[in-house]
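Peer 1: Below you'll find the structure I mean.
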Amino acid sequence: MDDTRKTAIIIGASRTLGLGLVAEYLRRDWDVIGTVRGSRRTGLHDLAEASGGQLAIESLEMTDSEQISALRDRLARRTFDLLFVNAAITRGDIPIGEIPTDMFAEVMITNALSPMRAIEALRPLVAPAGTIGVMSSDQGSITLNTEGGQDLYRASKSALNQLMRCYAARHAEDTQTLLLMDPGWVRTELGGPDADLSVEESVPGVVETIERHHGQPGLHFLDYQGQIVPW
């Protein structure tokens with residue numbers, strides 16, 4: 001990788017939005033490290049083979065704190081302009097009273113706790129004027145929740161947003177930009193086939209919004225069009 005170009009590390013990059021983010025940053029001539037779970041081949045491997053060395057792949061199970069620490073140690077000599085954490089699961093539209101305890105724990109660990117663990121561990125690798133972003137959702141907005149549904153997914157994204165606010169307060173003196181990104185309703189496995197946007201329609205807006213807020217410290221909750229999302 002060329003140390004003179006901008007660099008990004010994207011956590012959760014094997015498919016859909018994460019893969020789209022990697023492709024967009026490669027198109028913009030960034031060097032990128034993308035993570036995948038396990039050793040299986042993914043679309044990210046195809047991108048890496050065609051990238052001419054601009055894309056490197058790391059294996060990471062984000063729910064495993066030891067793997068996060070090991071990744072940090074492997075990358076200890078690197079400095080990144082962008083750390084972006086993209087990870088979420090849903091287990092269907094189930095009323096909260098019917099959700100098993102283990103399912104509740106699984107979704108909260110994956111969608112809220114693990115992204116924050118990754119950010120806390122990898123933040124020293126981000127340049128002082130760099131950006132730390134995480135994929136949120138307008139379904140994490142309490143203000144916008146007028147119809148209910150998707151109780152657990154909404155709760156996990158609200159928890160993620162709250163934890164990022166805690167992080168921002170704890171690191172209030174930092175000069176890094178902090179972003180919660182809502183990609184819109186995207187046709188992914190999570191968003192479903194009836195969603196408004198394709199990955200190709202959402203991702204350029206996400207990246208453009210990240211770029212426009214470069215150098216603006218503090219926490220911002222924004223959608224893929226750059227609009228403020230209410231908490």
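By order in the structure tokens, chains are A, B, ...; within a chain, residues start at 1; ligands start at 1, following the order shown.
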Going by DSSP on the backbone, which bits of region 67-179 of chain A are strand (DSSP E or B)? Write them as number ranges by chain, please.
Peer 2: A: 80-85, 126-135, 177-179
Peer 1: Save the residues we just selected, N, CA, C and O atoms, as a PDB file, in the first residue's frame?
Peer 2:
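Final output, saved to out20.pdb:
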ATOM      1  N   PHE A  80      -4.658   5.535   9.910  1.00  0.00           N
ATOM      2  CA  PHE A  80      -5.786   5.563   8.991  1.00  0.00           C
ATOM      3  C   PHE A  80      -6.483   6.919   9.021  1.00  0.00           C
ATOM      4  O   PHE A  80      -6.627   7.551  10.067  1.00  0.00           O
ATOM      5  N   ASP A  81      -6.925   7.336   7.847  1.00  0.00           N
ATOM      6  CA  ASP A  81      -7.740   8.546   7.743  1.00  0.00           C
ATOM      7  C   ASP A  81      -9.182   8.264   8.101  1.00  0.00           C
ATOM      8  O   ASP A  81      -9.912   9.176   8.510  1.00  0.00           O
ATOM      9  N   LEU A  82      -9.596   7.012   7.950  1.00  0.00           N
ATOM     10  CA  LEU A  82     -10.982   6.641   8.235  1.00  0.00           C
ATOM     11  C   LEU A  82     -11.037   5.251   8.841  1.00  0.00           C
ATOM     12  O   LEU A  82     -10.444   4.308   8.311  1.00  0.00           O
ATOM     13  N   LEU A  83     -11.756   5.154   9.945  1.00  0.00           N
ATOM     14  CA  LEU A  83     -12.188   3.865  10.498  1.00  0.00           C
ATOM     15  C   LEU A  83     -13.697   3.837  10.388  1.00  0.00           C
ATOM     16  O   LEU A  83     -14.379   4.712  10.942  1.00  0.00           O
ATOM     17  N   PHE A  84     -14.230   2.852   9.670  1.00  0.00           N
ATOM     18  CA  PHE A  84     -15.686   2.750   9.529  1.00  0.00           C
ATOM     19  C   PHE A  84     -16.115   1.339   9.910  1.00  0.00           C
ATOM     20  O   PHE A  84     -15.586   0.362   9.388  1.00  0.00           O
ATOM     21  N   VAL A  85     -17.080   1.269  10.826  1.00  0.00           N
ATOM     22  CA  VAL A  85     -17.567  -0.019  11.312  1.00  0.00           C
ATOM     23  C   VAL A  85     -18.953  -0.269  10.740  1.00  0.00           C
ATOM     24  O   VAL A  85     -19.892   0.490  10.997  1.00  0.00           O
ATOM     25  N   VAL A 126      -6.260   5.873  14.238  1.00  0.00           N
ATOM     26  CA  VAL A 126      -6.885   6.891  13.386  1.00  0.00           C
ATOM     27  C   VAL A 126      -6.160   8.218  13.576  1.00  0.00           C
ATOM     28  O   VAL A 126      -5.882   8.635  14.703  1.00  0.00           O
ATOM     29  N   ALA A 127      -5.857   8.880  12.479  1.00  0.00           N
ATOM     30  CA  ALA A 127      -5.145  10.152  12.525  1.00  0.00           C
ATOM     31  C   ALA A 127      -5.915  11.174  13.359  1.00  0.00           C
ATOM     32  O   ALA A 127      -7.147  11.129  13.429  1.00  0.00           O
ATOM     33  N   PRO A 128      -5.229  12.114  14.000  1.00  0.00           N
ATOM     34  CA  PRO A 128      -5.904  13.117  14.823  1.00  0.00           C
ATOM     35  C   PRO A 128      -6.986  13.887  14.066  1.00  0.00           C
ATOM     36  O   PRO A 128      -7.997  14.276  14.652  1.00  0.00           O
ATOM     37  N   ALA A 129      -6.790  14.097  12.770  1.00  0.00           N
ATOM     38  CA  ALA A 129      -7.786  14.786  11.960  1.00  0.00           C
ATOM     39  C   ALA A 129      -8.640  13.802  11.155  1.00  0.00           C
ATOM     40  O   ALA A 129      -9.342  14.205  10.229  1.00  0.00           O
ATOM     41  N   GLY A 130      -8.574  12.531  11.532  1.00  0.00           N
ATOM     42  CA  GLY A 130      -9.310  11.505  10.798  1.00  0.00           C
ATOM     43  C   GLY A 130     -10.754  11.390  11.237  1.00  0.00           C
ATOM     44  O   GLY A 130     -11.260  12.167  12.063  1.00  0.00           O
ATOM     45  N   THR A 131     -11.426  10.379  10.682  1.00  0.00           N
ATOM     46  CA  THR A 131     -12.855  10.176  10.909  1.00  0.00           C
ATOM     47  C   THR A 131     -13.102   8.767  11.422  1.00  0.00           C
ATOM     48  O   THR A 131     -12.520   7.802  10.910  1.00  0.00           O
ATOM     49  N   ILE A 132     -13.981   8.669  12.415  1.00  0.00           N
ATOM     50  CA  ILE A 132     -14.481   7.388  12.895  1.00  0.00           C
ATOM     51  C   ILE A 132     -15.977   7.358  12.619  1.00  0.00           C
ATOM     52  O   ILE A 132     -16.719   8.207  13.114  1.00  0.00           O
ATOM     53  N   GLY A 133     -16.401   6.392  11.820  1.00  0.00           N
ATOM     54  CA  GLY A 133     -17.811   6.291  11.462  1.00  0.00           C
ATOM     55  C   GLY A 133     -18.356   4.913  11.762  1.00  0.00           C
ATOM     56  O   GLY A 133     -17.621   3.934  11.811  1.00  0.00           O
ATOM     57  N   VAL A 134     -19.662   4.857  11.981  1.00  0.00           N
ATOM     58  CA  VAL A 134     -20.328   3.585  12.224  1.00  0.00           C
ATOM     59  C   VAL A 134     -21.671   3.618  11.510  1.00  0.00           C
ATOM     60  O   VAL A 134     -22.319   4.657  11.422  1.00  0.00           O
ATOM     61  N   MET A 135     -22.066   2.465  10.966  1.00  0.00           N
ATOM     62  CA  MET A 135     -23.331   2.395  10.240  1.00  0.00           C
ATOM     63  C   MET A 135     -24.466   2.272  11.243  1.00  0.00           C
ATOM     64  O   MET A 135     -24.599   1.264  11.932  1.00  0.00           O
ATOM     65  N   THR A 177     -13.392  13.448  13.695  1.00  0.00           N
ATOM     66  CA  THR A 177     -14.808  13.536  13.350  1.00  0.00           C
ATOM     67  C   THR A 177     -15.476  12.209  13.672  1.00  0.00           C
ATOM     68  O   THR A 177     -14.948  11.142  13.335  1.00  0.00           O
ATOM     69  N   LEU A 178     -16.639  12.248  14.302  1.00  0.00           N
ATOM     70  CA  LEU A 178     -17.394  11.046  14.652  1.00  0.00           C
ATOM     71  C   LEU A 178     -18.733  11.082  13.917  1.00  0.00           C
ATOM     72  O   LEU A 178     -19.467  12.061  14.017  1.00  0.00           O
ATOM     73  N   LEU A 179     -19.036   9.990  13.222  1.00  0.00           N
ATOM     74  CA  LEU A 179     -20.240   9.951  12.394  1.00  0.00           C
ATOM     75  C   LEU A 179     -21.074   8.711  12.666  1.00  0.00           C
ATOM     76  O   LEU A 179     -20.559   7.586  12.690  1.00  0.00           O
TER      77      LEU A 179
END
Peer 1: Could you state the separation of CA of Ile142 (chain A) and CA of Pro230 (chain A) in Å, given to one decimal place?
Peer 2: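 Separating CA of Ile142 (chain A) from CA of Pro230 (chain A) is a distance of 8.0 Å.
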Peer 1: Between A:Leu122, A:Leu75, A:Ala168, A:Leu160, which has the minimum distance to Asp138 (chain A) (counting only C-alpha atoms)?
Peer 2: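 Checking each of A:Leu122, A:Leu75, A:Ala168, A:Leu160 against Asp138 (chain A), counting only C-alpha atoms, the winner is A:Leu160.
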Peer 1: Using only C-alpha atoms, determine which residues lie at most 7 Å from Ala195 (chain A), disregarding the query and same-chain residues fewer than 5 positions distant; provide the list as a list of chain:residue names.
Peer 2: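 Result of the neighbour search: A:Trp185, A:Val186, A:Arg187.
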Peer 1: Keeping N, CA and C atoms for every residue in the selection just given, could you write it to a file as a PDB file, in the first residue's frame?
Peer 2:
ATOM      1  N   TRP A 185     -32.998   3.224   3.362  1.00  0.00           N
ATOM      2  CA  TRP A 185     -33.608   1.889   3.299  1.00  0.00           C
ATOM      3  C   TRP A 185     -33.077   1.196   2.056  1.00  0.00           C
ATOM      4  N   VAL A 186     -32.146   0.272   2.247  1.00  0.00           N
ATOM      5  CA  VAL A 186     -31.372  -0.305   1.148  1.00  0.00           C
ATOM      6  C   VAL A 186     -31.756  -1.768   0.933  1.00  0.00           C
ATOM      7  N   ARG A 187     -31.798  -2.158  -0.339  1.00  0.00           N
ATOM      8  CA  ARG A 187     -32.135  -3.542  -0.691  1.00  0.00           C
ATOM      9  C   ARG A 187     -30.950  -4.458  -0.393  1.00  0.00           C
TER      10      ARG A 187
END
Peer 1: Identify which of the residues A:Ile57, A:Ile109, A:Leu26, A:Ala118 lies closest to Ser69 (chain A), counting only C-alpha atoms when measuring atom-to-atom distances.
Peer 2: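 Closest candidate: A:Ala118.
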Peer 1: Identify, with DSSP run on backbone atoms, the residues in chain A assigned to alpha helix (DSSP H), and express the list as a PyMOL selection string.
Peer 2: chain A and resi 16-27+43-49+65-74+101-108+114-122+151-170+199-212
Peer 1: I want to know what sits within 8 Å of region 210-222 of chain A, based on only C-alpha atoms, with residues of the same chain fewer than 2 positions away left out; could you give that as a list in words?
Peer 2: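 Residues near the query, excluding close chain neighbours: Ala129, Gly130, Thr131, Met164, Arg165, Ala168, Ala172, Asp174, Thr175, Gln176, Thr177, Leu178, Leu179, Leu180, Met181, Asp182, Val206, Val207, Glu208, Tyr224, Gln225, Gly226, Gln227, Ile228, Val229, Pro230 and Trp231 of chain A.
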Peer 1: Which polymer residues have any atom within 12 Å of an atom of Asp93 (chain A), counting only C-alpha atoms, with same-chain residues fewer than 2 positions away left out, as a list in words?
Peer 2: Thr90, Arg91, Pro95, Ile96, Gly97, Glu98, Ile99, Gly148, Gly149, Gln150, Asp151, Leu152, Tyr153, Arg154, Leu190 and Gly191 of chain A
Peer 1: For all heavy atoms, I'd like the residues from the last selection saved as a short mmCIF file (atom, residue, chain, number, x, y, z; two decimals), in the first residue's frame.
Peer 2:
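Writing done, so here's part.cif:
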data_model
loop_
_atom_site.label_atom_id
_atom_site.label_comp_id
_atom_site.auth_asym_id
_atom_site.auth_seq_id
_atom_site.Cartn_x
_atom_site.Cartn_y
_atom_site.Cartn_z
N THR A 90 -30.39 -8.70 12.07
CA THR A 90 -31.75 -8.64 12.58
C THR A 90 -32.29 -10.06 12.64
O THR A 90 -31.81 -10.93 11.90
CB THR A 90 -32.66 -7.77 11.69
OG1 THR A 90 -33.96 -7.69 12.28
CG2 THR A 90 -32.76 -8.33 10.28
N ARG A 91 -33.23 -10.28 13.51
CA ARG A 91 -33.82 -11.62 13.64
C ARG A 91 -35.33 -11.59 13.43
O ARG A 91 -36.06 -12.38 13.97
CB ARG A 91 -33.47 -12.20 15.02
CG ARG A 91 -31.99 -12.56 15.18
CD ARG A 91 -31.58 -13.65 14.22
NE ARG A 91 -30.18 -14.04 14.33
CZ ARG A 91 -29.26 -13.76 13.41
NH1 ARG A 91 -29.59 -13.06 12.33
NH2 ARG A 91 -28.02 -14.17 13.57
N PRO A 95 -42.37 -8.92 18.32
CA PRO A 95 -42.64 -8.04 19.47
C PRO A 95 -41.67 -8.34 20.61
O PRO A 95 -41.29 -9.49 20.83
CB PRO A 95 -44.08 -8.39 19.86
CG PRO A 95 -44.69 -8.94 18.61
CD PRO A 95 -43.57 -9.67 17.91
N ILE A 96 -41.28 -7.31 21.33
CA ILE A 96 -40.21 -7.45 22.32
C ILE A 96 -40.53 -8.52 23.37
O ILE A 96 -39.64 -9.23 23.83
CB ILE A 96 -39.90 -6.09 22.98
CG1 ILE A 96 -38.61 -6.16 23.79
CG2 ILE A 96 -41.07 -5.60 23.82
CD1 ILE A 96 -37.38 -6.41 22.99
N GLY A 97 -41.80 -8.67 23.74
CA GLY A 97 -42.15 -9.64 24.77
C GLY A 97 -41.99 -11.09 24.33
O GLY A 97 -41.99 -11.99 25.17
N GLU A 98 -41.83 -11.30 23.01
CA GLU A 98 -41.70 -12.65 22.48
C GLU A 98 -40.26 -12.99 22.10
O GLU A 98 -39.99 -14.11 21.63
CB GLU A 98 -42.59 -12.81 21.25
CG GLU A 98 -44.08 -12.59 21.55
CD GLU A 98 -44.93 -12.63 20.30
OE1 GLU A 98 -44.44 -13.10 19.24
OE2 GLU A 98 -46.10 -12.19 20.36
N ILE A 99 -39.35 -12.08 22.30
CA ILE A 99 -37.96 -12.30 21.89
C ILE A 99 -37.23 -13.09 22.96
O ILE A 99 -37.18 -12.68 24.13
CB ILE A 99 -37.26 -10.95 21.65
CG1 ILE A 99 -37.86 -10.28 20.41
CG2 ILE A 99 -35.75 -11.15 21.46
CD1 ILE A 99 -37.38 -8.87 20.19
N GLY A 148 -43.56 1.93 15.31
CA GLY A 148 -43.13 0.70 15.97
C GLY A 148 -42.65 -0.34 14.98
O GLY A 148 -42.38 -0.07 13.82
N GLY A 149 -42.58 -1.58 15.44
CA GLY A 149 -42.07 -2.67 14.61
C GLY A 149 -40.56 -2.78 14.70
O GLY A 149 -39.88 -1.84 15.08
N GLN A 150 -40.06 -3.96 14.37
CA GLN A 150 -38.62 -4.22 14.43
C GLN A 150 -38.05 -3.79 15.78
O GLN A 150 -37.01 -3.13 15.87
CB GLN A 150 -37.90 -3.50 13.28
CG GLN A 150 -38.24 -4.00 11.90
CD GLN A 150 -37.70 -5.39 11.62
OE1 GLN A 150 -36.79 -5.86 12.28
NE2 GLN A 150 -38.26 -6.05 10.61
N ASP A 151 -38.72 -4.21 16.86
CA ASP A 151 -38.40 -3.73 18.20
C ASP A 151 -36.92 -3.92 18.55
O ASP A 151 -36.26 -2.98 19.03
CB ASP A 151 -39.25 -4.46 19.25
CG ASP A 151 -40.74 -4.19 19.11
OD1 ASP A 151 -41.16 -3.57 18.11
OD2 ASP A 151 -41.48 -4.62 20.01
N LEU A 152 -36.42 -5.11 18.36
CA LEU A 152 -35.06 -5.42 18.80
C LEU A 152 -34.03 -4.70 17.94
O LEU A 152 -33.05 -4.14 18.46
CB LEU A 152 -34.82 -6.93 18.78
CG LEU A 152 -33.43 -7.41 19.20
CD1 LEU A 152 -33.02 -6.83 20.53
CD2 LEU A 152 -33.40 -8.93 19.24
N TYR A 153 -34.23 -4.69 16.63
CA TYR A 153 -33.29 -4.00 15.75
C TYR A 153 -33.26 -2.51 16.09
O TYR A 153 -32.19 -1.90 16.22
CB TYR A 153 -33.67 -4.21 14.29
CG TYR A 153 -32.74 -3.51 13.33
CD1 TYR A 153 -31.49 -4.06 13.06
CD2 TYR A 153 -33.10 -2.32 12.71
CE1 TYR A 153 -30.62 -3.42 12.19
CE2 TYR A 153 -32.23 -1.67 11.85
CZ TYR A 153 -31.00 -2.23 11.58
OH TYR A 153 -30.13 -1.59 10.73
N ARG A 154 -34.44 -1.91 16.26
CA ARG A 154 -34.49 -0.49 16.63
C ARG A 154 -33.75 -0.24 17.94
O ARG A 154 -32.97 0.72 18.06
CB ARG A 154 -35.95 -0.05 16.79
CG ARG A 154 -36.73 0.13 15.50
CD ARG A 154 -38.15 0.59 15.82
NE ARG A 154 -39.01 0.66 14.66
CZ ARG A 154 -39.11 1.69 13.83
NH1 ARG A 154 -38.38 2.78 14.06
NH2 ARG A 154 -39.93 1.67 12.80
N LEU A 190 -30.81 -7.52 5.01
CA LEU A 190 -31.43 -6.89 6.18
C LEU A 190 -32.59 -5.99 5.76
O LEU A 190 -33.65 -6.00 6.37
CB LEU A 190 -30.39 -6.10 6.96
CG LEU A 190 -30.77 -5.60 8.34
CD1 LEU A 190 -29.52 -5.53 9.22
CD2 LEU A 190 -31.42 -4.23 8.26
N GLY A 191 -32.40 -5.19 4.70
CA GLY A 191 -33.43 -4.24 4.28
C GLY A 191 -34.58 -4.85 3.53
O GLY A 191 -35.68 -4.29 3.49
#
Peer 1: Could you pull the residues within 12 Å of Ala48 (chain A), counting only C-alpha atoms, minus those fewer than 3 positions along the same chain, as a VMD selection string?
Peer 2: chain A and resid 1 13 to 14 19 22 to 23 26 31 to 35 41 to 45 51 to 58
Peer 1: Any idea what the distance is between CA of Asp194 (chain A) and CA of Gly20 (chain A)?
Peer 2: 19.1 Å
Peer 1: Using CA of Glu201 (chain A) and CA of Asp223 (chain A) as the two end points, give the distance in Å to one decimal.
Peer 2: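 Computing the Euclidean distance for CA of Glu201 (chain A) and CA of Asp223 (chain A) yields 12.8 Å.
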